[in-house]
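Undergrad: Could you have a look at this structure, given as structure tokens, before my questions?
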Amino acid sequence: MKQLRFVGSRWAKARVRPCLLLLLITLLLLAACGGSEPVAETEPETAVINTPVQEDEPPAPTATPRPEPTMTAKEHLETGIALAENENFDEAIIELQAALEQEPDNTDALAALGGIYLTQEKYDEAIVELDKALALEADHPLALSNLCGALALQGAENALEICEQALAENPDDADVYNSMGILYGQAGQFDEAVAAFLEAIALEPDHNWAHNNLGRTYVNMDRFEEGITALNEALRITPDNAKAYYNLGLAYANLEQYEDAIPAYEEALNYDPSLVMTYIDMAVVYTRMGQPEEAIASFEKYLELVPNADNRDAVEAEIARLSAAGSLDEGIALVAAGDLAGAVAFYDEIIATNPDTAVAYVKRSIPYRIAGNLDQAFADVNQAIVLQPDLAEAYFERGRILAIAGRLEDAVADYNQAIMLQSDYADAYNYRGLAYAQAGNLNQALADMNEAVLLQPDNPHYLVNRATGLALNGDVAAARADLETAIALDAAYGRAYYNRAQLNVVANQLDTVLDDLQFAVAYSSEPSDLNDTLTFWVQLGAPFIVDYENPTSVLLAVFHAAATGDYTNLTGLCDPQGENDGDTAMICEITAGHEMAGDFGAYFANGRVNDSLFIDGDHAELPFLFGPDGDQTETMNFILRDGKWYLFDF
């Protein structure tokens with residue numbers, strides 16, 4: 001939460017209160033009854049042009065300039081007020097000072113001049129002029145009101161006392177209530193601040209600063225929606241209010257509505273480029289949005305504008321961290337491509353050069369975890385936490401490792417820590433929900449899955465996980481809705497089709513089950529998803545439908561035949577050109593009466609996909625497990641013939 005910063009000021013003479021209006025009327029009546037006599041206007045005498053002059057003639061008379069009329073103090077005061085109303089403050093100051101040169105004791109001019117300095121945020125100058133006015137007239141309403149505002153914005157100890165005096169002179173002064181709200185806000189008395197701002201708005205519905213300050217107070221109270229409403233009202237009244245835009249950006253950022261926060265911050269800078277701290281806020285938002293390049297640009301712009309900033313070292317350190325994180329993502333690309341060894345080697349080089357980069361250890365733990373090297377993965381995340389104890393990602397990754405190791409309570413504790421450090425960590429909520437589900441705590445699991453979906457409603461993985469929880473909780477309709485949404489978001493999400501097939505079996509809607517299982521095989525790349533789909537297909541007792549455009553489907557047809565004794569598909573699985581080896585040829589010859597049918601069943605009934613499919617031109621490879629105990633490793637090779645894949649050798 002950022003430090004309170006309220007703005008509410010006025011040059012104020014233009015906004016005279018009733019008592020001052022009477023004073024001005026009195027001054028006008030006095031002017032009408034007396035004062036200097038007007039100068040009679042006459043045509044000046046002029047010289048005759050091009051008329052010859054006799055030598056003895058006296059020179060022609062010259063024109064006598066008409067003296068400029070001298071403005072009275074009252075006229076300077078009125079001119080200054082008019083200029084201030086049009087926000088011509090520098091010219092207004094000149095006029096008011098001219099009035100004071102003629103009448104140094106003119107309390108109205110002093111009060112108005114103090115009000116202009118207040119508007120310009122020149123609080124010390126404002127206080128000097130207002131003190132002069134009050135020394136001459138202790139109960140001057142406008143001087144008290146403006147002094148109340150100046151002292152409030154400075155957080156002066158006697159500010160509240162002056163504000164109360166101002167209200168005693170004019171109980172309907174909305175500006176004083178606004179200033180009192182500022183004082184209450186600075187003291188952390190937010191309820192009192194809200195009451196004061198609402199009173200100001202009741203007295204003056206279009207008091208833009210009261211709306212702005214009310215909105216900022218709501219933000220500080222974590223009442224962000226109410227804050228947005230109040231700030232939008234301030235902007236309706238004054239569309240160029242830079243600080244209202246800044247506070248609006250802050251409200252959206254706290255709501256994690258980052259796409260709305262950035263434009264609000266940009267508008268704040270558009271109307272007031274001096275709000276340089278806005279670049280820091282924008283950088284934080286860009287970081288949370290996963291846009292490191294934009295975050296770096298915002299940090300660098302801040303340093304460009306404030307080269308001697310006190311926080312320069314911290315900002316430069318964050319720029320360095322973001323730059324390093326950007327390069328570290330190259331290793332994640334290797335992980336995504338299945339090159340786990342290449343990813344480890346990539347991070348090894350970074351760590352050798354920058355051994356204190358905590359996030360590099362976290363990233364290296366990922367390929368280690370995927371490869372099943374949990375000890376090394378665990379060592380890496382522990383080192384990251386030693387180097388950077390507030391790195392949420394390190395706790396999250398350690399939680400995943402612990403969950404795989406079956407230490408669910410410890411995993412939940414690490415997910416808790418990750419969420420405490422980063423409240424919008426959707427992945428941490430998702431995986432904590434999975435851990436709770438594994439531990440049998442379905443209610444807590446669903447609560448976490450709901451939070452993950454709220455944070456990222458367009459993430460199909462979170463929807464599929466929540467669908468599983470909902471189905472286990474008996475809410476089949478809601479589970480199906482989540483799966484439909486997930487498939488609409490990602491039509492190639494195999495697990496979503498597999499889960500929908502299961503739901504449809506439960507609901508006895510069998511017409512789409514086999515279609516969904518085919519999609520599950522076609523779109524799944526994770527061995528566990530493929531094996532689950534195969535197991536479910538075998539349990540259904542339904543015939544396997546071979547997709548010859550997918551090598552994985554061809555191998556699963558072998559496992560399905562061995563598990564069910566339905567050998568119908570086997571004859572069509574081998575290379576039609578007969579170039580396959582003898583082992584694959586034997587598979588394709590199996591029938592119920594074949595002498596090797598028993599051995600085939602014993603070796604392939606427990607067959608499972610063991611790694612990712614690799615395709616190179618018209619050849620493909622897929623590692624698998626088989627044997628009586630399903631623990632023998634092999635790789636099936638496929639060949640492409642006329643757009644279809646066939647068994648070739650293993």
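Chain labels A, B, ... are given in the sequence in which chains occur in the structure tokens; within each chain residues are numbered consecutively from 1, and ligands are likewise numbered from 1 in the order shown.
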Contacts between region 266-283 of chain A and region 302-335 of chain A, please, where a residue of region 302-335 of chain A counts if it comes within 9 Å (with only C-alpha atoms); show its shortest atom pair and distance in Å to one decimal, rows by chain and ascending number, as CSV.
TA:
```
residue,atom,partner,partner_atom,distance
A:Tyr302,CA,A:Tyr279,CA,5.7
A:Leu305,CA,A:Val276,CA,7.3
A:Val306,CA,A:Val276,CA,7.9
A:Val315,CA,A:Ile280,CA,8.6
```
Undergrad: Skipping near chain neighbours, those fewer than 4 positions away, what residues fall within 8 Å of Val554 (chain A) using only C-alpha atoms, listed as JSON, numbers by chain?
TA: {"A": [546, 547, 548, 550, 558, 573, 645, 646, 647]}
Undergrad: Mind listing the alpha helix (DSSP H) residues of region 371-583 of chain A, per DSSP on the backbone, as a ChimeraX atom specification?
TA: /A:374-387,392-404,408-421,426-438,442-455,460-472,476-489,494-506,513-523,527-540,551-564,582-583
Undergrad: Fewer than 6 positions away in the same chain doesn't count, so skip those; otherwise give me all residues within 9 Å of Leu110 (chain A), counting only C-alpha atoms, as a PyMOL selection string.
TA: chain A and resi 96-97+100+104+129-133+143
Undergrad: Write out as a ChimeraX atom specification each polymer residue whose atoms come within 7 Å of region 529-537 of chain A, counting only C-alpha atoms; drop sequence neighbours fewer than 2 positions from it.
TA: /A:495,498,517,520-521,524,526-527,539-542,556,608-609
Undergrad: Keeping only N, CA, C and O atoms, take the residues you just selected and write them out as an mmCIF file, in the first residue's frame.
TA:
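Contents of selection36.cif, freshly written:
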```
data_model
loop_
_atom_site.group_PDB
_atom_site.id
_atom_site.type_symbol
_atom_site.label_atom_id
_atom_site.label_comp_id
_atom_site.auth_asym_id
_atom_site.auth_seq_id
_atom_site.Cartn_x
_atom_site.Cartn_y
_atom_site.Cartn_z
ATOM 1 N N ARG A 495 -6.430 -33.779 -22.247
ATOM 2 C CA ARG A 495 -6.940 -34.176 -20.936
ATOM 3 C C ARG A 495 -8.394 -33.750 -20.752
ATOM 4 O O ARG A 495 -9.177 -34.437 -20.088
ATOM 5 N N TYR A 498 -10.515 -36.356 -22.362
ATOM 6 C CA TYR A 498 -10.514 -37.578 -21.543
ATOM 7 C C TYR A 498 -11.466 -37.427 -20.360
ATOM 8 O O TYR A 498 -12.274 -38.314 -20.072
ATOM 9 N N LEU A 517 -12.463 -39.917 -26.574
ATOM 10 C CA LEU A 517 -11.251 -40.688 -26.327
ATOM 11 C C LEU A 517 -10.289 -40.595 -27.511
ATOM 12 O O LEU A 517 -9.066 -40.542 -27.325
ATOM 13 N N ALA A 520 -8.642 -37.367 -27.166
ATOM 14 C CA ALA A 520 -7.697 -37.406 -26.051
ATOM 15 C C ALA A 520 -6.367 -38.000 -26.498
ATOM 16 O O ALA A 520 -5.291 -37.496 -26.151
ATOM 17 N N VAL A 521 -6.418 -39.078 -27.297
ATOM 18 C CA VAL A 521 -5.194 -39.692 -27.809
ATOM 19 C C VAL A 521 -4.506 -38.756 -28.807
ATOM 20 O O VAL A 521 -3.282 -38.586 -28.790
ATOM 21 N N SER A 524 -3.048 -35.523 -26.737
ATOM 22 C CA SER A 524 -2.251 -35.662 -25.516
ATOM 23 C C SER A 524 -0.795 -35.910 -25.871
ATOM 24 O O SER A 524 -0.479 -36.689 -26.770
ATOM 25 N N GLU A 526 1.497 -35.875 -22.914
ATOM 26 C CA GLU A 526 2.013 -36.416 -21.661
ATOM 27 C C GLU A 526 1.751 -37.925 -21.611
ATOM 28 O O GLU A 526 0.609 -38.373 -21.816
ATOM 29 N N PRO A 527 2.781 -38.720 -21.348
ATOM 30 C CA PRO A 527 2.572 -40.175 -21.253
ATOM 31 C C PRO A 527 1.480 -40.557 -20.264
ATOM 32 O O PRO A 527 0.697 -41.482 -20.525
ATOM 33 N N GLN A 539 -11.174 -50.426 -19.970
ATOM 34 C CA GLN A 539 -12.232 -50.672 -18.994
ATOM 35 C C GLN A 539 -13.617 -50.574 -19.619
ATOM 36 O O GLN A 539 -14.540 -51.282 -19.192
ATOM 37 N N LEU A 540 -13.759 -49.711 -20.605
ATOM 38 C CA LEU A 540 -15.059 -49.590 -21.271
ATOM 39 C C LEU A 540 -15.428 -50.846 -22.050
ATOM 40 O O LEU A 540 -16.610 -51.128 -22.271
ATOM 41 N N GLY A 541 -14.391 -51.593 -22.483
ATOM 42 C CA GLY A 541 -14.662 -52.764 -23.312
ATOM 43 C C GLY A 541 -15.095 -52.386 -24.712
ATOM 44 O O GLY A 541 -15.665 -53.209 -25.441
ATOM 45 N N ALA A 542 -14.816 -51.163 -25.105
ATOM 46 C CA ALA A 542 -15.202 -50.680 -26.428
ATOM 47 C C ALA A 542 -14.083 -50.945 -27.424
ATOM 48 O O ALA A 542 -12.896 -50.974 -27.050
ATOM 49 N N LEU A 556 -0.885 -47.641 -29.272
ATOM 50 C CA LEU A 556 -1.921 -47.922 -28.271
ATOM 51 C C LEU A 556 -2.861 -49.021 -28.743
ATOM 52 O O LEU A 556 -3.404 -49.783 -27.919
ATOM 53 N N ARG A 608 2.843 -49.500 -21.893
ATOM 54 C CA ARG A 608 2.537 -48.096 -21.603
ATOM 55 C C ARG A 608 3.525 -47.192 -22.345
ATOM 56 O O ARG A 608 4.698 -47.544 -22.522
ATOM 57 N N VAL A 609 3.041 -46.031 -22.718
ATOM 58 C CA VAL A 609 3.921 -45.017 -23.302
ATOM 59 C C VAL A 609 4.847 -44.511 -22.204
ATOM 60 O O VAL A 609 4.422 -44.278 -21.074
#
```
Undergrad: Grab the CA of Tyr123 (chain A) to CA of Leu144 (chain A) distance for me, in Å with one decimal place.
TA: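 Between CA of Tyr123 (chain A) and CA of Leu144 (chain A) the gap works out to 14.1 Å.
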Undergrad: Determine, counting only C-alpha atoms, which protein, DNA and RNA residues have an atom within 10 Å of an atom of region 389-396 of chain A; residues of the same chain fewer than 2 positions away are not included. Present the result as a CSV table (one decimal) with all heavy atoms, in the first residue's frame.
TA:
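Writing done, so here's around-v6.csv:
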```
chain,number,residue,atom,x,y,z
A,358,ALA,N,19.5,-16.3,-7.8
A,358,ALA,CA,18.6,-17.3,-7.2
A,358,ALA,C,17.6,-17.9,-8.2
A,358,ALA,O,17.4,-19.2,-8.2
A,358,ALA,CB,17.8,-16.7,-6.1
A,359,VAL,N,17.1,-17.1,-9.1
A,359,VAL,CA,16.1,-17.6,-10.0
A,359,VAL,C,16.7,-18.6,-11.0
A,359,VAL,O,16.0,-19.5,-11.5
A,359,VAL,CB,15.4,-16.4,-10.8
A,359,VAL,CG1,16.4,-15.8,-11.8
A,359,VAL,CG2,14.2,-16.9,-11.5
A,361,TYR,N,18.8,-21.0,-10.2
A,361,TYR,CA,18.7,-22.3,-9.5
A,361,TYR,C,17.2,-22.9,-9.6
A,361,TYR,O,17.0,-24.1,-9.8
A,361,TYR,CB,19.1,-22.2,-8.1
A,361,TYR,CG,20.6,-22.0,-7.9
A,361,TYR,CD1,21.1,-20.7,-7.8
A,361,TYR,CD2,21.5,-23.0,-7.9
A,361,TYR,CE1,22.4,-20.5,-7.6
A,361,TYR,CE2,22.8,-22.8,-7.7
A,361,TYR,CZ,23.3,-21.5,-7.6
A,361,TYR,OH,24.7,-21.3,-7.5
A,362,VAL,N,16.3,-21.9,-9.5
A,362,VAL,CA,14.9,-22.4,-9.6
A,362,VAL,C,14.6,-22.9,-11.0
A,362,VAL,O,13.9,-24.0,-11.1
A,362,VAL,CB,13.9,-21.2,-9.3
A,362,VAL,CG1,12.5,-21.6,-9.5
A,362,VAL,CG2,14.1,-20.7,-7.8
A,363,LYS,N,15.0,-22.2,-12.0
A,363,LYS,CA,14.8,-22.7,-13.3
A,363,LYS,C,15.5,-24.0,-13.6
A,363,LYS,O,14.9,-24.9,-14.3
A,363,LYS,CB,15.3,-21.6,-14.3
A,363,LYS,CG,14.6,-20.3,-14.2
A,363,LYS,CD,13.1,-20.3,-14.6
A,363,LYS,CE,12.5,-18.9,-14.6
A,363,LYS,NZ,11.1,-18.9,-14.9
A,365,SER,N,16.0,-26.3,-11.5
A,365,SER,CA,15.3,-27.4,-10.8
A,365,SER,C,14.2,-28.0,-11.7
A,365,SER,O,13.8,-29.2,-11.5
A,365,SER,CB,14.7,-26.9,-9.5
A,365,SER,OG,13.6,-26.1,-9.7
A,380,ASP,N,18.5,-27.5,-5.6
A,380,ASP,CA,18.5,-26.2,-6.4
A,380,ASP,C,17.6,-25.2,-5.8
A,380,ASP,O,17.9,-24.1,-5.6
A,380,ASP,CB,18.2,-26.5,-7.8
A,380,ASP,CG,19.5,-26.7,-8.7
A,380,ASP,OD1,20.6,-26.7,-8.1
A,380,ASP,OD2,19.3,-27.0,-9.9
A,381,VAL,N,16.3,-25.7,-5.5
A,381,VAL,CA,15.4,-24.7,-4.9
A,381,VAL,C,15.8,-24.3,-3.5
A,381,VAL,O,15.6,-23.1,-3.1
A,381,VAL,CB,13.9,-25.3,-4.9
A,381,VAL,CG1,13.4,-25.4,-6.3
A,381,VAL,CG2,13.9,-26.6,-4.2
A,382,ASN,N,16.4,-25.2,-2.8
A,382,ASN,CA,16.9,-24.8,-1.4
A,382,ASN,C,18.0,-23.7,-1.5
A,382,ASN,O,18.0,-22.8,-0.7
A,382,ASN,CB,17.4,-26.0,-0.7
A,382,ASN,CG,16.3,-26.9,-0.1
A,382,ASN,OD1,15.2,-26.4,0.1
A,382,ASN,ND2,16.6,-28.1,0.2
A,383,GLN,N,18.9,-23.9,-2.5
A,383,GLN,CA,19.9,-22.9,-2.7
A,383,GLN,C,19.3,-21.5,-3.1
A,383,GLN,O,19.7,-20.5,-2.7
A,383,GLN,CB,20.9,-23.3,-3.8
A,383,GLN,CG,22.0,-22.4,-4.0
A,383,GLN,CD,22.9,-22.1,-2.8
A,383,GLN,OE1,23.0,-22.9,-1.9
A,383,GLN,NE2,23.6,-21.0,-2.8
A,384,ALA,N,18.2,-21.6,-3.9
A,384,ALA,CA,17.6,-20.4,-4.4
A,384,ALA,C,17.0,-19.6,-3.2
A,384,ALA,O,17.0,-18.4,-3.0
A,384,ALA,CB,16.5,-20.7,-5.4
A,385,ILE,N,16.4,-20.4,-2.2
A,385,ILE,CA,15.8,-19.8,-1.1
A,385,ILE,C,16.8,-19.2,-0.1
A,385,ILE,O,16.6,-18.1,0.5
A,385,ILE,CB,14.9,-20.8,-0.3
A,385,ILE,CG1,13.7,-21.2,-1.2
A,385,ILE,CG2,14.5,-20.3,1.1
A,385,ILE,CD1,12.8,-22.3,-0.7
A,386,VAL,N,18.0,-19.8,0.0
A,386,VAL,CA,19.1,-19.3,0.7
A,386,VAL,C,19.5,-17.9,0.2
A,386,VAL,O,19.7,-16.9,0.9
A,386,VAL,CB,20.3,-20.2,0.8
A,386,VAL,CG1,21.5,-19.6,1.4
A,386,VAL,CG2,19.9,-21.5,1.6
A,387,LEU,N,19.6,-17.9,-1.2
A,387,LEU,CA,20.0,-16.6,-1.8
A,387,LEU,C,19.0,-15.5,-1.8
A,387,LEU,O,19.3,-14.4,-1.7
A,387,LEU,CB,20.4,-17.0,-3.3
A,387,LEU,CG,21.7,-17.8,-3.5
A,387,LEU,CD1,21.8,-18.2,-4.9
A,387,LEU,CD2,22.9,-17.0,-3.1
A,398,ARG,N,9.5,-25.8,-5.0
A,398,ARG,CA,9.8,-26.8,-3.9
A,398,ARG,C,8.6,-27.6,-3.5
A,398,ARG,O,8.6,-28.8,-3.3
A,398,ARG,CB,10.5,-26.2,-2.7
A,398,ARG,CG,11.1,-27.2,-1.8
A,398,ARG,CD,11.9,-26.5,-0.7
A,398,ARG,NE,11.2,-25.8,0.3
A,398,ARG,CZ,11.7,-25.1,1.3
A,398,ARG,NH1,13.0,-25.2,1.5
A,398,ARG,NH2,11.0,-24.5,2.2
A,399,GLY,N,7.4,-26.8,-3.5
A,399,GLY,CA,6.2,-27.5,-3.2
A,399,GLY,C,5.8,-28.6,-4.2
A,399,GLY,O,5.4,-29.7,-3.9
A,400,ARG,N,6.1,-28.3,-5.5
A,400,ARG,CA,5.9,-29.3,-6.5
A,400,ARG,C,6.7,-30.6,-6.3
A,400,ARG,O,6.3,-31.7,-6.5
A,400,ARG,CB,6.1,-28.7,-7.9
A,400,ARG,CG,5.1,-27.6,-8.3
A,400,ARG,CD,5.1,-27.4,-9.8
A,400,ARG,NE,4.6,-28.6,-10.5
A,400,ARG,CZ,4.5,-28.7,-11.8
A,400,ARG,NH1,4.9,-27.7,-12.6
A,400,ARG,NH2,4.0,-29.7,-12.4
A,401,ILE,N,8.0,-30.4,-6.0
A,401,ILE,CA,8.9,-31.5,-5.8
A,401,ILE,C,8.4,-32.3,-4.6
A,401,ILE,O,8.4,-33.5,-4.6
A,401,ILE,CB,10.3,-31.0,-5.5
A,401,ILE,CG1,10.8,-30.3,-6.8
A,401,ILE,CG2,11.3,-32.1,-5.1
A,401,ILE,CD1,12.1,-29.4,-6.5
A,402,LEU,N,8.0,-31.6,-3.5
A,402,LEU,CA,7.6,-32.3,-2.3
A,402,LEU,C,6.3,-33.1,-2.6
A,402,LEU,O,6.1,-34.2,-2.0
A,402,LEU,CB,7.3,-31.3,-1.2
A,402,LEU,CG,8.6,-30.6,-0.6
A,402,LEU,CD1,8.2,-29.4,0.3
A,402,LEU,CD2,9.4,-31.7,0.2
A,411,ALA,N,4.4,-29.9,1.1
A,411,ALA,CA,4.1,-29.2,-0.2
A,411,ALA,C,3.1,-28.0,0.1
A,411,ALA,O,3.3,-26.9,-0.4
A,411,ALA,CB,3.6,-30.2,-1.2
A,412,VAL,N,2.1,-28.3,0.8
A,412,VAL,CA,1.1,-27.3,1.1
A,412,VAL,C,1.7,-26.1,1.9
A,412,VAL,O,1.4,-24.9,1.6
A,412,VAL,CB,-0.1,-27.9,2.0
A,412,VAL,CG1,-1.0,-26.7,2.6
A,412,VAL,CG2,-0.9,-28.8,1.1
A,413,ALA,N,2.6,-26.4,2.8
A,413,ALA,CA,3.3,-25.3,3.5
A,413,ALA,C,4.1,-24.4,2.6
A,413,ALA,O,4.1,-23.2,2.7
A,413,ALA,CB,4.2,-25.9,4.6
A,414,ASP,N,4.8,-25.0,1.6
A,414,ASP,CA,5.5,-24.2,0.6
A,414,ASP,C,4.6,-23.4,-0.3
A,414,ASP,O,4.9,-22.3,-0.7
A,414,ASP,CB,6.4,-25.1,-0.2
A,414,ASP,CG,7.8,-25.3,0.5
A,414,ASP,OD1,8.1,-24.5,1.4
A,414,ASP,OD2,8.6,-26.1,0.0
A,415,TYR,N,3.5,-24.0,-0.7
A,415,TYR,CA,2.5,-23.3,-1.5
A,415,TYR,C,2.0,-22.1,-0.7
A,415,TYR,O,1.8,-21.0,-1.3
A,415,TYR,CB,1.4,-24.2,-2.0
A,415,TYR,CG,1.8,-25.3,-3.0
A,415,TYR,CD1,1.3,-26.6,-2.9
A,415,TYR,CD2,2.7,-25.0,-4.0
A,415,TYR,CE1,1.6,-27.6,-3.7
A,415,TYR,CE2,3.1,-26.0,-4.9
A,415,TYR,CZ,2.5,-27.3,-4.7
A,415,TYR,OH,2.9,-28.3,-5.6
A,416,ASN,N,1.7,-22.3,0.6
A,416,ASN,CA,1.3,-21.2,1.4
A,416,ASN,C,2.2,-20.1,1.4
A,416,ASN,O,1.9,-18.9,1.3
A,416,ASN,CB,1.1,-21.7,2.9
A,416,ASN,CG,-0.1,-22.6,3.0
A,416,ASN,OD1,-1.0,-22.7,2.2
A,416,ASN,ND2,-0.1,-23.4,4.1
A,417,GLN,N,3.5,-20.4,1.5
A,417,GLN,CA,4.6,-19.4,1.6
A,417,GLN,C,4.6,-18.6,0.2
A,417,GLN,O,4.8,-17.4,0.2
A,417,GLN,CB,5.9,-20.0,1.9
A,417,GLN,CG,7.1,-19.0,2.0
A,417,GLN,CD,6.9,-18.1,3.3
A,417,GLN,OE1,6.1,-18.4,4.2
A,417,GLN,NE2,7.6,-17.0,3.3
A,418,ALA,N,4.5,-19.3,-0.9
A,418,ALA,CA,4.5,-18.7,-2.2
A,418,ALA,C,3.3,-17.7,-2.3
A,418,ALA,O,3.5,-16.6,-2.8
A,418,ALA,CB,4.4,-19.8,-3.3
A,419,ILE,N,2.2,-18.1,-1.8
A,419,ILE,CA,1.0,-17.3,-1.9
A,419,ILE,C,1.1,-16.1,-1.0
A,419,ILE,O,0.7,-14.9,-1.3
A,419,ILE,CB,-0.3,-18.1,-1.6
A,419,ILE,CG1,-0.5,-19.1,-2.8
A,419,ILE,CG2,-1.5,-17.2,-1.4
A,419,ILE,CD1,-1.6,-20.1,-2.4
A,420,MET,N,1.7,-16.3,0.2
A,420,MET,CA,1.9,-15.1,1.1
A,420,MET,C,2.8,-14.1,0.4
A,420,MET,O,2.6,-12.9,0.6
A,420,MET,CB,2.5,-15.6,2.4
A,420,MET,CG,2.7,-14.5,3.4
A,420,MET,SD,3.5,-15.1,5.0
A,420,MET,CE,5.2,-15.2,4.4
A,421,LEU,N,3.8,-14.5,-0.3
A,421,LEU,CA,4.8,-13.6,-0.9
A,421,LEU,C,4.2,-13.0,-2.2
A,421,LEU,O,4.5,-11.9,-2.6
A,421,LEU,CB,6.1,-14.4,-1.3
A,421,LEU,CG,6.9,-14.8,-0.1
A,421,LEU,CD1,8.0,-15.7,-0.5
A,421,LEU,CD2,7.5,-13.5,0.6
A,422,GLN,N,3.3,-13.7,-2.9
A,422,GLN,CA,2.7,-13.2,-4.1
A,422,GLN,C,1.2,-13.6,-4.1
A,422,GLN,O,0.9,-14.8,-4.5
A,422,GLN,CB,3.4,-13.8,-5.3
A,422,GLN,CG,2.9,-13.2,-6.6
A,422,GLN,CD,3.7,-13.8,-7.8
A,422,GLN,OE1,4.9,-14.0,-7.7
A,422,GLN,NE2,3.0,-13.9,-8.9
A,423,SER,N,0.3,-12.7,-3.7
A,423,SER,CA,-1.1,-13.1,-3.5
A,423,SER,C,-1.8,-13.5,-4.8
A,423,SER,O,-2.8,-14.1,-4.7
A,423,SER,CB,-1.8,-11.9,-2.8
A,423,SER,OG,-1.8,-10.8,-3.7
A,425,TYR,N,-0.6,-15.5,-7.1
A,425,TYR,CA,0.1,-16.6,-7.7
A,425,TYR,C,-0.9,-17.7,-8.0
A,425,TYR,O,-1.1,-18.7,-7.3
A,425,TYR,CB,1.1,-17.1,-6.7
A,425,TYR,CG,2.4,-17.8,-7.3
A,425,TYR,CD1,3.6,-17.7,-6.7
A,425,TYR,CD2,2.2,-18.5,-8.5
A,425,TYR,CE1,4.7,-18.3,-7.3
A,425,TYR,CE2,3.4,-19.1,-9.0
A,425,TYR,CZ,4.6,-19.0,-8.4
A,425,TYR,OH,5.7,-19.6,-9.0
A,427,ASP,N,-0.8,-20.3,-10.1
A,427,ASP,CA,-0.3,-21.6,-10.2
A,427,ASP,C,-0.2,-22.2,-8.8
A,427,ASP,O,-0.4,-23.4,-8.6
A,427,ASP,CB,1.0,-21.6,-10.9
A,427,ASP,CG,1.0,-22.4,-12.2
A,427,ASP,OD1,-0.1,-22.9,-12.5
A,427,ASP,OD2,2.1,-22.6,-12.8
A,428,ALA,N,0.2,-21.4,-7.8
A,428,ALA,CA,0.3,-21.9,-6.4
A,428,ALA,C,-1.0,-22.3,-5.9
A,428,ALA,O,-1.1,-23.4,-5.2
A,428,ALA,CB,1.0,-20.8,-5.5
A,429,TYR,N,-2.1,-21.5,-6.1
A,429,TYR,CA,-3.4,-21.9,-5.7
A,429,TYR,C,-3.8,-23.3,-6.4
A,429,TYR,O,-4.4,-24.2,-5.8
A,429,TYR,CB,-4.4,-20.9,-6.1
A,429,TYR,CG,-4.4,-19.7,-5.1
A,429,TYR,CD1,-3.9,-18.5,-5.5
A,429,TYR,CD2,-5.0,-19.8,-3.9
A,429,TYR,CE1,-3.9,-17.4,-4.6
A,429,TYR,CE2,-5.0,-18.7,-3.0
A,429,TYR,CZ,-4.4,-17.5,-3.4
A,429,TYR,OH,-4.4,-16.5,-2.5
A,431,TYR,N,-1.9,-25.7,-7.7
A,431,TYR,CA,-1.2,-26.9,-7.2
A,431,TYR,C,-1.5,-27.2,-5.7
A,431,TYR,O,-1.4,-28.3,-5.3
A,431,TYR,CB,0.3,-26.8,-7.5
A,431,TYR,CG,0.6,-27.2,-8.9
A,431,TYR,CD1,0.7,-26.2,-9.9
A,431,TYR,CD2,0.8,-28.5,-9.3
A,431,TYR,CE1,0.9,-26.6,-11.2
A,431,TYR,CE2,1.1,-28.9,-10.6
A,431,TYR,CZ,1.2,-27.9,-11.6
A,431,TYR,OH,1.4,-28.3,-12.9
A,432,ARG,N,-1.7,-26.1,-5.0
A,432,ARG,CA,-2.1,-26.4,-3.6
A,432,ARG,C,-3.5,-27.1,-3.6
A,432,ARG,O,-3.7,-28.0,-2.7
A,432,ARG,CB,-2.2,-25.1,-2.8
A,432,ARG,CG,-2.3,-25.3,-1.3
A,432,ARG,CD,-2.3,-24.1,-0.5
A,432,ARG,NE,-3.4,-23.2,-0.7
A,432,ARG,CZ,-3.6,-22.1,0.0
A,432,ARG,NH1,-2.7,-21.6,0.8
A,432,ARG,NH2,-4.7,-21.3,-0.3
```
Undergrad: What's the 10 Å shell around region 472-489 of chain A, counting only C-alpha atoms, without same-chain residues fewer than 3 positions away, as a VMD selection string?
TA: chain A and resid 437 442 to 443 446 457 to 469 492 to 500 503 to 504 506 to 507
Undergrad: So how far away is CA of Leu203 (chain A) from CA of Ala174 (chain A), in Å?
TA: 5.7 Å
Undergrad: Could you tell me how far CA of Thr119 (chain A) lies from CA of Gly149 (chain A), in Å and to one decimal?
TA: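 These atoms are spaced 9.8 Å apart.
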